[in-house]
Structures are given as structure tokens and as C-alpha cells.
$ cat my_file.txt   # compact mmCIF, C-alpha atoms
# COMPACT_ATOMS: atom_id res chain seq x y z
CA MET A 683 -18.29 1.26 -45.62
CA ILE A 684 -17.06 -1.78 -43.69
CA ILE A 685 -13.37 -2.48 -43.02
CA ARG A 686 -12.66 -5.81 -44.72
CA ASN A 687 -8.89 -6.19 -44.52
CA ILE A 688 -5.71 -4.54 -43.23
CA THR A 689 -2.29 -5.54 -44.55
CA THR A 690 1.28 -4.29 -44.14
CA GLN A 691 4.29 -4.09 -46.44
CA THR A 692 7.84 -3.03 -45.59
CA ILE A 693 10.07 -1.12 -48.02
CA SER A 694 13.43 0.67 -47.95
CA ILE A 695 14.27 3.85 -49.84
CA PRO A 696 17.94 4.84 -50.14
CA LEU A 697 18.87 8.46 -49.44
CA LYS A 698 21.05 10.66 -51.64
CA LEU A 699 23.25 11.43 -48.63
CA PRO A 700 23.31 10.12 -45.03
CA PHE A 701 20.90 11.95 -42.73
CA VAL A 702 22.82 12.81 -39.55
CA THR A 703 21.54 14.41 -36.34
CA ALA A 704 22.66 14.53 -32.73
CA LEU A 705 20.54 11.40 -32.17
CA ARG A 706 21.16 9.14 -35.16
CA ARG A 707 22.61 8.50 -38.62
CA VAL A 708 20.35 7.17 -41.39
CA THR A 709 21.29 6.03 -44.90
CA GLU A 710 17.86 4.79 -46.00
CA VAL A 711 14.22 5.30 -45.13
CA MET A 712 12.62 2.17 -43.72
CA SER A 713 8.89 2.43 -44.21
CA ILE A 714 5.93 0.26 -43.29
CA ILE A 715 2.95 0.76 -45.59
CA VAL A 716 -0.54 -0.06 -44.33
CA LYS A 717 -3.37 -0.87 -46.74
CA VAL A 718 -6.97 -0.74 -45.47
CA GLU A 719 -9.62 -2.25 -47.77
CA THR A 720 -13.35 -1.66 -47.44
CA SER A 721 -16.59 -3.28 -48.57
CA ASP A 722 -17.13 -0.35 -50.97
CA GLY A 723 -13.99 -1.24 -52.91
CA LEU A 724 -12.03 1.74 -51.62
CA VAL A 725 -8.43 1.37 -50.46
CA GLY A 726 -6.95 3.64 -47.79
CA TRP A 727 -3.20 4.09 -47.59
CA GLY A 728 -1.21 4.80 -44.46
CA GLU A 729 2.47 4.65 -43.65
CA THR A 730 4.84 4.79 -40.74
CA ALA A 731 8.55 4.84 -40.00
CA PRO A 732 10.24 3.09 -37.06
CA THR A 733 12.20 5.78 -35.23
CA ALA A 734 13.19 4.02 -32.02
CA VAL A 735 15.33 6.87 -30.69
CA ILE A 736 12.32 9.22 -30.71
CA THR A 737 9.09 7.20 -30.55
CA GLY A 738 10.53 3.97 -29.14
CA ASP A 739 8.95 2.00 -31.99
CA THR A 740 10.76 -0.61 -34.09
CA ALA A 741 9.64 -2.33 -37.29
CA PRO A 742 8.70 -5.60 -35.51
CA SER A 743 6.77 -3.75 -32.80
CA ILE A 744 4.85 -1.74 -35.40
CA ILE A 745 4.01 -4.71 -37.60
CA GLY A 746 3.01 -6.76 -34.57
CA ALA A 747 0.80 -3.99 -33.24
CA VAL A 748 -0.99 -3.59 -36.58
CA ASN A 749 -1.49 -7.28 -37.30
CA GLU A 750 -2.05 -8.63 -33.79
CA VAL A 751 -3.97 -5.81 -32.10
CA ILE A 752 -5.23 -3.09 -34.45
CA LYS A 753 -6.43 -5.33 -37.27
CA PRO A 754 -8.59 -7.61 -35.07
CA THR A 755 -10.02 -4.51 -33.38
CA LEU A 756 -11.05 -2.73 -36.58
CA LEU A 757 -12.16 -5.54 -38.90
CA GLY A 758 -15.91 -5.34 -39.48
CA LEU A 759 -16.27 -1.77 -38.24
CA ASP A 760 -18.40 0.67 -40.22
CA LEU A 761 -16.36 3.74 -41.21
CA ASP A 762 -19.57 5.73 -41.59
CA GLU A 763 -19.36 5.75 -37.79
CA PHE A 764 -15.98 7.39 -38.11
CA ASP A 765 -15.52 8.73 -34.60
CA ASN A 766 -16.28 5.33 -33.08
CA ALA A 767 -13.71 3.68 -35.35
CA LEU A 768 -11.07 6.25 -34.37
CA GLN A 769 -11.84 5.78 -30.70
CA LYS A 770 -11.37 2.02 -30.98
CA LEU A 771 -8.12 2.51 -32.87
CA HIS A 772 -6.66 4.91 -30.34
CA THR A 773 -7.68 2.90 -27.28
CA CYS A 774 -6.81 -0.62 -28.40
CA LEU A 775 -3.17 -0.27 -27.28
CA VAL A 776 -0.98 2.22 -25.46
CA HIS A 777 2.14 3.88 -26.83
CA ASN A 778 3.28 2.61 -30.27
CA THR A 779 2.14 5.88 -31.82
CA SER A 780 3.81 4.92 -35.11
CA ALA A 781 1.55 1.92 -35.69
CA ILE A 782 -1.53 3.87 -34.70
CA ALA A 783 -0.47 6.72 -37.00
CA ALA A 784 -0.28 4.51 -40.08
CA VAL A 785 -3.80 3.17 -39.64
CA ASP A 786 -5.20 6.54 -38.57
CA ILE A 787 -3.81 8.09 -41.78
CA ALA A 788 -5.37 5.32 -43.86
CA LEU A 789 -8.76 5.86 -42.23
CA TYR A 790 -8.65 9.59 -42.99
CA ASP A 791 -7.61 8.74 -46.56
CA LEU A 792 -10.72 6.57 -46.85
CA ARG A 793 -12.94 9.27 -45.34
CA ALA A 794 -11.70 11.86 -47.83
CA GLN A 795 -12.03 9.44 -50.74
CA SER A 796 -15.58 8.61 -49.68
CA ALA A 797 -16.37 12.33 -49.56
CA ARG A 798 -14.70 12.71 -52.98
CA MET A 799 -12.42 15.42 -51.66
CA PRO A 800 -8.67 15.92 -51.30
CA MET A 801 -7.76 15.39 -47.66
CA TYR A 802 -6.59 18.98 -47.11
CA LYS A 803 -10.05 20.27 -48.10
CA LEU A 804 -11.80 17.77 -45.84
CA LEU A 805 -9.64 18.93 -42.90
CA GLY A 806 -9.98 22.67 -43.47
CA GLY A 807 -8.71 23.72 -46.89
CA ALA A 808 -6.83 26.80 -45.67
CA LYS A 809 -4.31 26.94 -48.52
CA GLN A 810 -3.19 25.07 -51.61
CA TYR A 811 0.56 25.09 -51.03
CA ILE A 812 3.22 25.47 -48.37
CA TYR A 813 7.00 25.90 -48.39
CA THR A 814 9.30 23.42 -46.69
CA ASP A 815 12.81 23.86 -45.40
CA ILE A 816 15.55 21.36 -46.22
CA THR A 817 17.74 19.71 -43.60
CA ILE A 818 21.50 20.17 -43.47
CA SER A 819 22.88 17.14 -41.64
CA LEU A 820 25.33 17.33 -38.75
CA ASN A 821 28.67 16.65 -40.43
CA SER A 822 32.09 18.24 -40.62
CA LEU A 823 32.07 22.01 -40.95
CA GLU A 824 33.29 21.83 -44.53
CA GLN A 825 30.61 19.30 -45.50
CA MET A 826 27.82 21.34 -43.88
CA VAL A 827 28.90 24.46 -45.78
CA THR A 828 29.07 22.50 -49.03
CA ASP A 829 25.64 20.96 -48.44
CA SER A 830 24.16 24.37 -47.58
CA ILE A 831 25.46 25.93 -50.78
CA ALA A 832 24.12 23.00 -52.81
CA ALA A 833 20.69 23.33 -51.16
CA VAL A 834 20.48 27.02 -52.03
CA GLN A 835 21.57 26.32 -55.59
CA ALA A 836 18.78 23.71 -55.76
CA GLY A 837 16.25 26.43 -54.95
CA PHE A 838 15.80 26.15 -51.18
CA SER A 839 15.63 29.42 -49.25
CA ILE A 840 15.06 27.90 -45.78
CA LEU A 841 17.82 25.72 -44.31
CA LYS A 842 17.35 23.68 -41.16
CA ILE A 843 20.80 23.17 -39.68
CA LYS A 844 21.30 20.12 -37.47
CA THR A 845 23.39 20.80 -34.37
CA GLY A 846 23.68 19.50 -30.80
CA LYS A 847 27.05 17.75 -30.48
CA ASP A 848 29.28 20.66 -29.42
CA TRP A 849 27.74 24.10 -29.06
CA ARG A 850 30.97 25.96 -29.83
CA GLN A 851 31.46 24.04 -33.07
CA ASP A 852 27.79 24.59 -33.86
CA VAL A 853 28.18 28.36 -33.53
CA SER A 854 31.16 28.21 -35.89
CA ALA A 855 29.13 26.18 -38.37
CA ILE A 856 26.30 28.71 -38.35
CA LYS A 857 28.75 31.57 -38.90
CA LYS A 858 30.39 29.77 -41.83
CA ILE A 859 27.07 28.76 -43.38
CA ARG A 860 25.72 32.30 -43.12
CA ALA A 861 28.83 33.67 -44.81
CA ALA A 862 28.50 31.08 -47.57
CA VAL A 863 24.78 31.44 -48.38
CA GLY A 864 24.27 35.14 -47.76
CA ASP A 865 21.69 37.09 -45.80
CA ASP A 866 18.60 36.25 -47.89
CA VAL A 867 18.53 32.59 -46.83
CA LYS A 868 16.59 31.78 -43.67
CA LEU A 869 18.49 29.66 -41.15
CA LEU A 870 16.74 27.43 -38.62
CA VAL A 871 18.60 25.35 -36.03
CA ASP A 872 17.61 21.95 -34.67
CA ALA A 873 19.71 20.69 -31.75
CA ASN A 874 17.68 17.48 -31.26
CA GLN A 875 17.90 17.77 -27.44
CA GLY A 876 21.71 18.02 -27.57
CA TYR A 877 22.41 20.96 -25.25
CA THR A 878 22.23 21.65 -21.55
CA PRO A 879 20.00 24.67 -20.83
CA LYS A 880 22.94 26.98 -20.07
CA ASP A 881 24.91 25.86 -23.12
CA ALA A 882 21.81 26.32 -25.25
CA VAL A 883 21.51 29.94 -24.13
CA ARG A 884 25.22 30.54 -24.77
CA ALA A 885 24.97 29.07 -28.26
CA ILE A 886 21.67 30.66 -29.28
CA ARG A 887 22.70 34.16 -28.22
CA GLN A 888 25.65 33.92 -30.61
CA MET A 889 23.54 32.34 -33.34
CA GLU A 890 21.06 35.19 -33.11
CA SER A 891 23.72 37.58 -34.36
CA GLU A 892 23.91 35.43 -37.53
CA GLY A 893 20.19 35.88 -38.18
CA VAL A 894 18.96 32.46 -37.03
CA THR A 895 15.17 32.77 -36.93
CA LEU A 896 14.14 29.63 -34.99
CA VAL A 897 15.73 27.02 -32.69
CA GLU A 898 14.13 23.61 -32.28
CA GLN A 899 14.23 21.43 -29.14
CA PRO A 900 17.59 22.61 -27.77
CA VAL A 901 17.39 20.55 -24.54
CA ASN A 902 16.15 17.17 -23.37
CA ALA A 903 12.47 16.60 -24.10
CA ARG A 904 11.73 15.76 -20.46
CA ASP A 905 13.35 18.94 -19.16
CA LEU A 906 10.52 21.44 -19.51
CA ASP A 907 12.06 23.66 -16.83
CA GLY A 908 15.26 23.76 -18.85
CA LEU A 909 13.34 24.44 -22.05
CA ARG A 910 11.52 27.32 -20.36
CA PHE A 911 14.85 28.69 -19.09
CA VAL A 912 16.12 28.78 -22.68
CA THR A 913 12.93 30.34 -24.02
CA GLN A 914 13.02 33.08 -21.39
CA ASN A 915 16.67 33.93 -21.96
CA VAL A 916 16.92 34.24 -25.73
CA VAL A 917 15.18 36.40 -28.32
CA VAL A 918 14.75 33.89 -31.15
CA PRO A 919 11.58 31.73 -30.95
CA ILE A 920 12.00 28.24 -29.47
CA LEU A 921 10.15 25.33 -31.10
CA ALA A 922 9.18 22.29 -29.01
CA ASP A 923 9.45 19.01 -30.92
CA GLU A 924 10.24 15.84 -28.98
CA ALA A 925 8.57 17.43 -25.94
CA VAL A 926 5.18 17.31 -27.69
CA PHE A 927 3.56 13.95 -28.49
CA SER A 928 0.03 14.60 -27.26
CA THR A 929 -2.56 17.27 -26.59
CA ALA A 930 -1.68 17.10 -22.91
CA ASP A 931 1.97 17.73 -23.77
CA ALA A 932 1.02 20.70 -25.94
CA ILE A 933 -1.10 22.25 -23.19
CA LYS A 934 1.71 21.85 -20.66
CA VAL A 935 4.34 23.36 -22.96
CA ILE A 936 2.11 26.32 -23.81
CA THR A 937 0.75 27.07 -20.33
CA THR A 938 4.16 26.85 -18.67
CA GLY A 939 5.79 29.06 -21.30
CA ALA A 940 8.30 26.32 -22.09
CA ALA A 941 8.38 27.12 -25.83
CA ASP A 942 7.03 29.62 -28.34
CA MET A 943 5.91 27.18 -31.05
CA LEU A 944 5.01 23.50 -31.51
CA ASN A 945 6.32 20.99 -34.03
CA ILE A 946 3.58 18.50 -34.93
CA LYS A 947 4.61 15.14 -36.38
CA LEU A 948 2.15 12.38 -37.19
CA MET A 949 4.47 9.64 -35.95
CA LYS A 950 4.52 11.30 -32.52
CA THR A 951 0.81 12.06 -32.32
CA GLY A 952 -0.44 8.71 -33.55
CA GLY A 953 -1.80 10.23 -36.74
CA ILE A 954 -4.15 12.97 -37.79
CA SER A 955 -6.75 12.65 -35.00
CA GLU A 956 -4.48 13.72 -32.15
CA ALA A 957 -2.70 16.21 -34.40
CA LEU A 958 -6.03 17.96 -34.97
CA ARG A 959 -6.57 18.21 -31.21
CA ILE A 960 -3.12 19.76 -30.76
CA ILE A 961 -3.91 22.20 -33.55
CA SER A 962 -7.13 23.20 -31.78
CA VAL A 963 -5.17 23.89 -28.60
CA ALA A 964 -2.62 25.93 -30.53
CA GLU A 965 -5.41 27.92 -32.18
CA ALA A 966 -7.02 28.59 -28.81
CA TYR A 967 -3.78 29.93 -27.35
CA GLY A 968 -2.63 31.72 -30.50
CA VAL A 969 0.48 29.57 -30.86
CA GLN A 970 1.87 28.92 -34.33
CA CYS A 971 2.90 25.43 -35.41
CA MET A 972 5.35 23.73 -37.72
CA MET A 973 4.32 20.55 -39.53
CA GLY A 974 7.26 18.17 -39.40
CA CYS A 975 8.15 14.58 -40.21
CA MET A 976 10.69 11.92 -39.36
CA MET A 977 12.60 10.18 -42.14
CA GLU A 978 9.41 8.75 -43.62
CA GLY A 979 7.97 7.50 -46.87
CA LYS A 980 5.96 9.74 -49.15
CA ILE A 981 2.49 8.55 -48.15
CA SER A 982 2.87 9.74 -44.56
CA VAL A 983 4.73 12.90 -45.61
CA ALA A 984 1.94 13.63 -48.08
CA ALA A 985 -0.62 13.19 -45.30
CA ALA A 986 1.34 15.69 -43.20
CA ALA A 987 1.41 18.10 -46.15
CA HIS A 988 -2.36 17.84 -46.48
CA LEU A 989 -2.75 18.71 -42.81
CA ALA A 990 -0.28 21.59 -43.13
CA CYS A 991 -2.32 23.05 -45.97
CA ALA A 992 -5.59 22.46 -44.14
CA LYS A 993 -4.89 24.78 -41.20
CA ASN A 994 -3.77 28.42 -41.01
CA VAL A 995 -2.13 27.93 -37.61
CA ILE A 996 0.48 25.74 -39.34
CA THR A 997 2.77 28.42 -40.70
CA MET A 998 5.96 26.42 -41.30
CA ALA A 999 6.78 23.00 -42.73
CA ASP A 1000 9.72 20.62 -42.35
CA LEU A 1001 8.59 18.07 -44.94
CA ASP A 1002 11.75 17.65 -46.96
CA GLY A 1003 11.91 13.85 -46.86
CA PRO A 1004 10.97 13.28 -50.53
CA SER A 1005 13.71 15.73 -51.60
CA LEU A 1006 16.28 13.49 -49.87
CA TYR A 1007 15.33 10.20 -51.57
CA ALA A 1008 17.78 8.71 -54.07
CA ASN A 1009 14.75 7.41 -55.98
CA ASP A 1010 11.02 7.96 -55.63
CA PRO A 1011 8.91 4.77 -55.69
CA TYR A 1012 5.62 6.62 -55.16
CA THR A 1013 3.05 8.09 -57.51
CA GLY A 1014 0.28 10.67 -57.21
CA GLY A 1015 -0.68 13.06 -54.44
CA PRO A 1016 0.85 16.43 -53.54
CA SER A 1017 3.64 17.76 -55.71
CA PHE A 1018 6.99 18.02 -53.92
CA GLY A 1019 8.79 20.51 -56.16
CA GLY A 1020 11.82 21.39 -54.11
CA GLN A 1021 10.78 23.83 -51.39
CA LEU A 1022 7.25 24.21 -52.80
CA ILE A 1023 4.68 21.57 -51.83
CA SER A 1024 1.46 21.93 -53.83
CA MET A 1025 -1.84 20.16 -53.30
CA THR A 1026 -3.53 18.33 -56.17
CA LYS A 1027 -7.18 17.58 -56.91
CA SER A 1028 -6.87 13.85 -56.19
CA ASN A 1029 -9.32 12.52 -53.63
CA GLY A 1030 -7.90 11.46 -50.28
CA ILE A 1031 -4.13 11.63 -49.86
CA GLY A 1032 -3.61 10.68 -53.49
CA THR A 1033 -0.18 9.13 -52.94
CA ILE A 1034 0.43 5.39 -53.27
CA PHE A 1035 3.45 3.08 -53.40
CA GLN A 1036 3.82 1.95 -57.00
CA HIS A 1037 4.66 -1.66 -56.11
CA ALA A 1038 2.12 -2.16 -53.32
CA ARG A 1039 0.73 -5.65 -52.98

$ encode --input "my_file.txt" --output "C-alpha cells"
Amino acid sequence: MIIRNITTQTISIPLKLPFVTALRRVTEVMSIIVKVETSDGLVGWGETAPTAVITGDTAPSIIGAVNEVIKPTLLGLDLDEFDNALQKLHTCLVHNTSAIAAVDIALYDLRAQSARMPMYKLLGGAKQYIYTDITISLNSLEQMVTDSIAAVQAGFSILKIKTGKDWRQDVSAIKKIRAAVGDDVKLLVDANQGYTPKDAVRAIRQMESEGVTLVEQPVNARDLDGLRFVTQNVVVPILADEAVFSTADAIKVITTGAADMLNIKLMKTGGISEALRIISVAEAYGVQCMMGCMMEGKISVAAAAHLACAKNVITMADLDGPSLYANDPYTGGPSFGGQLISMTKSNGIGTIFQHAR
């Protein structure tokens, strides 16, 4: 199975509501779709999202990396020698994990199609479904309460509350949201690196009394000492997100006790290959993982869902992107039915962009 061509296509998907965090405000998903064609007539689909504030990657840098570096490196390679192809992909340029991720996902899609298996079964087949949370953007207190109530009415029982601008206001928001949605709804908090270590501890201790069950990346990703300080001084589990891009990062976070859990995102890891290595480390140390995503298109979110269902160590999912789209231009693949994500019997990822060239 020889790689014959690699092409890219850029699309935009409007969101129902703006997606607002401590780092950015997004009104549409900008997605770069990668199509890998082989001599056997199979087509592998990958996808990536430029998230400069997190990965440092922009649309031009991603497209340039794929077309000018990755494509010339991979054309003519035999995918039956899969490990060699992955090694060439992951060593042909440094950084730009988003570009590498898109092609890596497409190669795994091809491998699963060739094996005539859904990707989640190829990667482990641990379960056939997983539940995702839904994100409540960082807005005015009144808007966050309204959005939380609407999410619960839509069938979501896990809310991920964005915080990180002002810890005192964040505590008030959590209190108001808890009062509005009741005690049966699980509340997670994601500060997106917005707090100092001491302010994080102050905030989280008060949030704990409202039944918050997880806090994600409360301090700067580079401040592992600060992250460990928070982890050691609160009861609720701390999830490392932006602090973990690679296997080396995961090992350092785990061995230093900087966090209790890891958030794996394919745009950070450069795709499935490195994500699988991080999962192996987590399994070895007995550390549970969340499978997350940026604001991405449905092909890459579907690939993340396959990986989430492939491994038992992935116990939580933050794969709500498709629930936030104003319209869905994709077809096939896993079913995103509100908070329930179910695998299908389609080979590979199964999801494609309906208007792909």
C-alpha cells in the first residue's frame, strides 16, 4: 500500500455560541483536512485545527508543513511498513504538532481500513461508547448560569466550566451554577492556566465545597512546581493539560507528582502515535487520563473518540466539539448523540467531510 498523494483543504464551521476561555474567544472552527491516497485505492482522512495560543501553529504554518515537508517525505512509502512510515513522519520536522497530527491520524485511518476494522478495535477495543462533558464558556455570571441550565436540559450531566480570569468571580460562578443545576450534575473546572498557584489553592478549596470533582490546568503550563503546589494542597484531583504534549512531559508530570491525571489531545501529541506512548506511561503508573480536543473538526474529534474507546485508562472525555457546531458538514463515523459518543462498525475512523475534494 504505497502513498500516492497527500492534499489539504481548509474549511470553517460556525459555532452555535462563541467559545470563550481565559486564553481565547472563538466563533467558528477553522479546520484543515488532510487526504492521503494510496496505490490500493484507499483514502485516509486526517484533520487539524490551528490553535496558536496553545500549540503555536497557524493555518499557513500547518499547510506549509504538510505540503512542503511532510508530503515529499512520505510520497512513495509503503504503509505495510507502518512503523517506518510513522518514524519518517515524526522526524521530518520539529514542533508543528498540529500538522503532524493530521497526517498521523490519516495513516492510522488507512491502517484500520486495510485491516477492515474500526479504528477503536485496532487500537485496543476496550469499550463501544464513552460519555463526554460539555463546555460552559467563560462569560458573564448570568450567561454562564443560563448556558449551564440549557446544557442540562439538553441531556448533559457533566459540565466543564471555563474559569481563570478572576478567581473570586469564578468561585461565585461555580456557586451559582451549582444552585441552578442541582447536586446530580457533575462540575469540572478548567482554568486554562489562568491562576497563580496560591490563588488556585484559594479558589479550589472553595469550589470543593460546591462538589467540583476535577480542576484542569489551574496554573501556567511551564510552572510544574506551581502545579505540584496546587495538587498537594487541595483534595480534588488536578488534571494536567497544556503541561503535557509528549511522553517526556507525561513522565515528568507523573514522577514529580505535579498532577493527578493527564489530558491527552491529538493536536498536542502530534497524533495517535505519541498519544499511545503517553497512554502506556499512564498505564504503567496507574494514572487515569481524559481524552480531550481543541475546537476541531469532526474527523479529528472522531479519531480522538476512537482512541478514548480503545483504552481503559481513558476514563473521561472532553469531546464536545460536534455538539457546539451550528451545522455539521460531516458524515459517517462515531455517533455524537449529546453526551453519549458511540462507536460504529465502519472501518477506519469512518468520518469524512461531505464536500471534500

$ closest_atom_pairs --input "my_file.txt" --of "segment 793-891 of chain A" --to "segment 738-762 of chain A" --cutoff "12 Å" --atoms "all atoms listed in the file" --output "tab-separated table"
residue	atom	partner	partner_atom	distance
A:Arg793	CA	A:Leu761	CA	7.7
A:Ala794	CA	A:Leu761	CA	11.5
A:Gln795	CA	A:Leu761	CA	11.9
A:Ser796	CA	A:Asp762	CA	9.5
A:Ala797	CA	A:Asp762	CA	10.8

$ closest_residue --input "my_file.txt" --among "A:Ala999, A:Ile840, A:Gly952, A:Ser854" --to "Thr773 of chain A" --atoms "only C-alpha atoms"
A:Gly952

$ closest_residue --input "my_file.txt" --among "A:Thr817, A:Ala861, A:Val935, A:Gln825" --to "Gly974 of chain A" --atoms "only C-alpha atoms"
A:Thr817

$ atom_distance --input "my_file.txt" --atom1 "atom CA of Ala903 of chain A" --atom2 "atom CA of Lys993 of chain A"
25.7 Å

$ closest_residue --input "my_file.txt" --among "A:Asp1000, A:Glu978, A:Glu710, A:Glu892" --to "Ala731 of chain A" --atoms "all atoms listed in the file"
A:Glu978

$ closest_residue --input "my_file.txt" --among "A:Ala1038, A:Ile981, A:Ile954, A:Ile859" --to "Ser1017 of chain A" --atoms "only C-alpha atoms"
A:Ile981

$ residues_around --input "my_file.txt" --residues "Thr720 of chain A" --least-positions-apart "6" --cutoff "6 Å" --atoms "all atoms listed in the file" --output "PyMOL selection string"
chain A and resi 684-686

$ decode --input "my_file.txt" --residues "segment 928-1022 of chain A" --atoms "C-alpha atoms" --output "mmCIF file, in the first residue's frame"
data_model
loop_
_atom_site.group_PDB
_atom_site.id
_atom_site.type_symbol
_atom_site.label_atom_id
_atom_site.label_comp_id
_atom_site.auth_asym_id
_atom_site.auth_seq_id
_atom_site.Cartn_x
_atom_site.Cartn_y
_atom_site.Cartn_z
ATOM 1 C CA SER A 928 4.796 14.473 24.861
ATOM 2 C CA THR A 929 5.685 11.238 26.598
ATOM 3 C CA ALA A 930 8.583 13.014 28.274
ATOM 4 C CA ASP A 931 6.166 15.641 29.604
ATOM 5 C CA ALA A 932 3.841 12.944 30.915
ATOM 6 C CA ILE A 933 6.664 11.145 32.717
ATOM 7 C CA LYS A 934 7.833 14.377 34.328
ATOM 8 C CA VAL A 935 4.339 15.371 35.478
ATOM 9 C CA ILE A 936 3.681 11.926 36.933
ATOM 10 C CA THR A 937 7.046 11.318 38.602
ATOM 11 C CA THR A 938 7.172 14.761 40.199
ATOM 12 C CA GLY A 939 3.601 14.497 41.483
ATOM 13 C CA ALA A 940 2.660 17.665 39.615
ATOM 14 C CA ALA A 941 -0.851 16.421 38.747
ATOM 15 C CA ASP A 942 -3.185 13.503 39.384
ATOM 16 C CA MET A 943 -4.403 12.939 35.818
ATOM 17 C CA LEU A 944 -3.407 13.688 32.212
ATOM 18 C CA ASN A 945 -5.435 15.282 29.433
ATOM 19 C CA ILE A 946 -4.402 13.810 26.071
ATOM 20 C CA LYS A 947 -5.147 15.820 22.928
ATOM 21 C CA LEU A 948 -4.076 14.727 19.465
ATOM 22 C CA MET A 949 -3.180 18.261 18.391
ATOM 23 C CA LYS A 950 -0.684 18.445 21.258
ATOM 24 C CA THR A 951 0.792 14.972 20.821
ATOM 25 C CA GLY A 952 1.161 15.085 17.054
ATOM 26 C CA GLY A 953 -1.482 12.421 16.577
ATOM 27 C CA ILE A 954 -2.205 8.910 17.722
ATOM 28 C CA SER A 955 1.361 7.539 17.800
ATOM 29 C CA GLU A 956 2.623 9.742 20.628
ATOM 30 C CA ALA A 957 -0.756 9.584 22.356
ATOM 31 C CA LEU A 958 -0.389 5.797 22.557
ATOM 32 C CA ARG A 959 3.031 6.194 24.182
ATOM 33 C CA ILE A 960 1.591 8.575 26.781
ATOM 34 C CA ILE A 961 -1.194 6.089 27.429
ATOM 35 C CA SER A 962 1.368 3.334 28.006
ATOM 36 C CA VAL A 963 3.149 5.526 30.553
ATOM 37 C CA ALA A 964 -0.135 6.308 32.282
ATOM 38 C CA GLU A 965 -0.996 2.609 32.392
ATOM 39 C CA ALA A 966 2.407 1.791 33.875
ATOM 40 C CA TYR A 967 1.984 4.351 36.651
ATOM 41 C CA GLY A 968 -1.727 3.724 37.210
ATOM 42 C CA VAL A 969 -2.699 7.264 36.214
ATOM 43 C CA GLN A 970 -6.101 7.849 34.638
ATOM 44 C CA CYS A 971 -6.483 10.017 31.547
ATOM 45 C CA MET A 972 -9.011 12.275 29.903
ATOM 46 C CA MET A 973 -9.280 12.347 26.113
ATOM 47 C CA GLY A 974 -9.700 15.963 25.067
ATOM 48 C CA CYS A 975 -9.765 18.120 21.958
ATOM 49 C CA MET A 976 -9.312 21.702 20.856
ATOM 50 C CA MET A 977 -12.018 23.395 18.813
ATOM 51 C CA GLU A 978 -11.606 20.917 15.966
ATOM 52 C CA GLY A 979 -13.497 19.405 13.077
ATOM 53 C CA LYS A 980 -15.297 16.098 13.384
ATOM 54 C CA ILE A 981 -12.683 13.905 11.703
ATOM 55 C CA SER A 982 -10.044 14.633 14.342
ATOM 56 C CA VAL A 983 -12.597 14.548 17.181
ATOM 57 C CA ALA A 984 -13.820 11.192 15.871
ATOM 58 C CA ALA A 985 -10.239 9.904 15.861
ATOM 59 C CA ALA A 986 -9.904 11.015 19.497
ATOM 60 C CA ALA A 987 -13.172 9.243 20.321
ATOM 61 C CA HIS A 988 -11.857 6.037 18.765
ATOM 62 C CA LEU A 989 -8.749 6.260 20.936
ATOM 63 C CA ALA A 990 -10.835 7.018 24.029
ATOM 64 C CA CYS A 991 -12.890 3.879 23.428
ATOM 65 C CA ALA A 992 -9.797 1.815 22.664
ATOM 66 C CA LYS A 993 -8.175 2.138 26.100
ATOM 67 C CA ASN A 994 -9.480 1.523 29.628
ATOM 68 C CA VAL A 995 -7.049 4.021 31.157
ATOM 69 C CA ILE A 996 -9.008 6.787 29.394
ATOM 70 C CA THR A 997 -11.875 7.208 31.825
ATOM 71 C CA MET A 998 -13.131 10.681 30.874
ATOM 72 C CA ALA A 999 -13.753 12.541 27.629
ATOM 73 C CA ASP A 1000 -13.946 16.219 26.693
ATOM 74 C CA LEU A 1001 -15.028 15.726 23.079
ATOM 75 C CA ASP A 1002 -17.957 18.096 22.869
ATOM 76 C CA GLY A 1003 -16.870 19.957 19.726
ATOM 77 C CA PRO A 1004 -19.523 18.460 17.404
ATOM 78 C CA SER A 1005 -22.246 19.442 19.900
ATOM 79 C CA LEU A 1006 -21.162 23.086 19.537
ATOM 80 C CA TYR A 1007 -21.336 23.302 15.718
ATOM 81 C CA ALA A 1008 -24.094 25.428 14.176
ATOM 82 C CA ASN A 1009 -24.156 22.914 11.310
ATOM 83 C CA ASP A 1010 -22.492 19.559 10.746
ATOM 84 C CA PRO A 1011 -20.791 19.164 7.344
ATOM 85 C CA TYR A 1012 -19.510 15.654 8.102
ATOM 86 C CA THR A 1013 -20.921 12.194 7.547
ATOM 87 C CA GLY A 1014 -20.263 8.738 8.996
ATOM 88 C CA GLY A 1015 -18.131 7.568 11.892
ATOM 89 C CA PRO A 1016 -18.911 7.602 15.613
ATOM 90 C CA SER A 1017 -22.306 8.850 16.715
ATOM 91 C CA PHE A 1018 -22.178 12.063 18.754
ATOM 92 C CA GLY A 1019 -25.556 11.919 20.496
ATOM 93 C CA GLY A 1020 -25.245 14.657 23.060
ATOM 94 C CA GLN A 1021 -23.142 13.370 25.945
ATOM 95 C CA LEU A 1022 -23.043 9.810 24.564
#
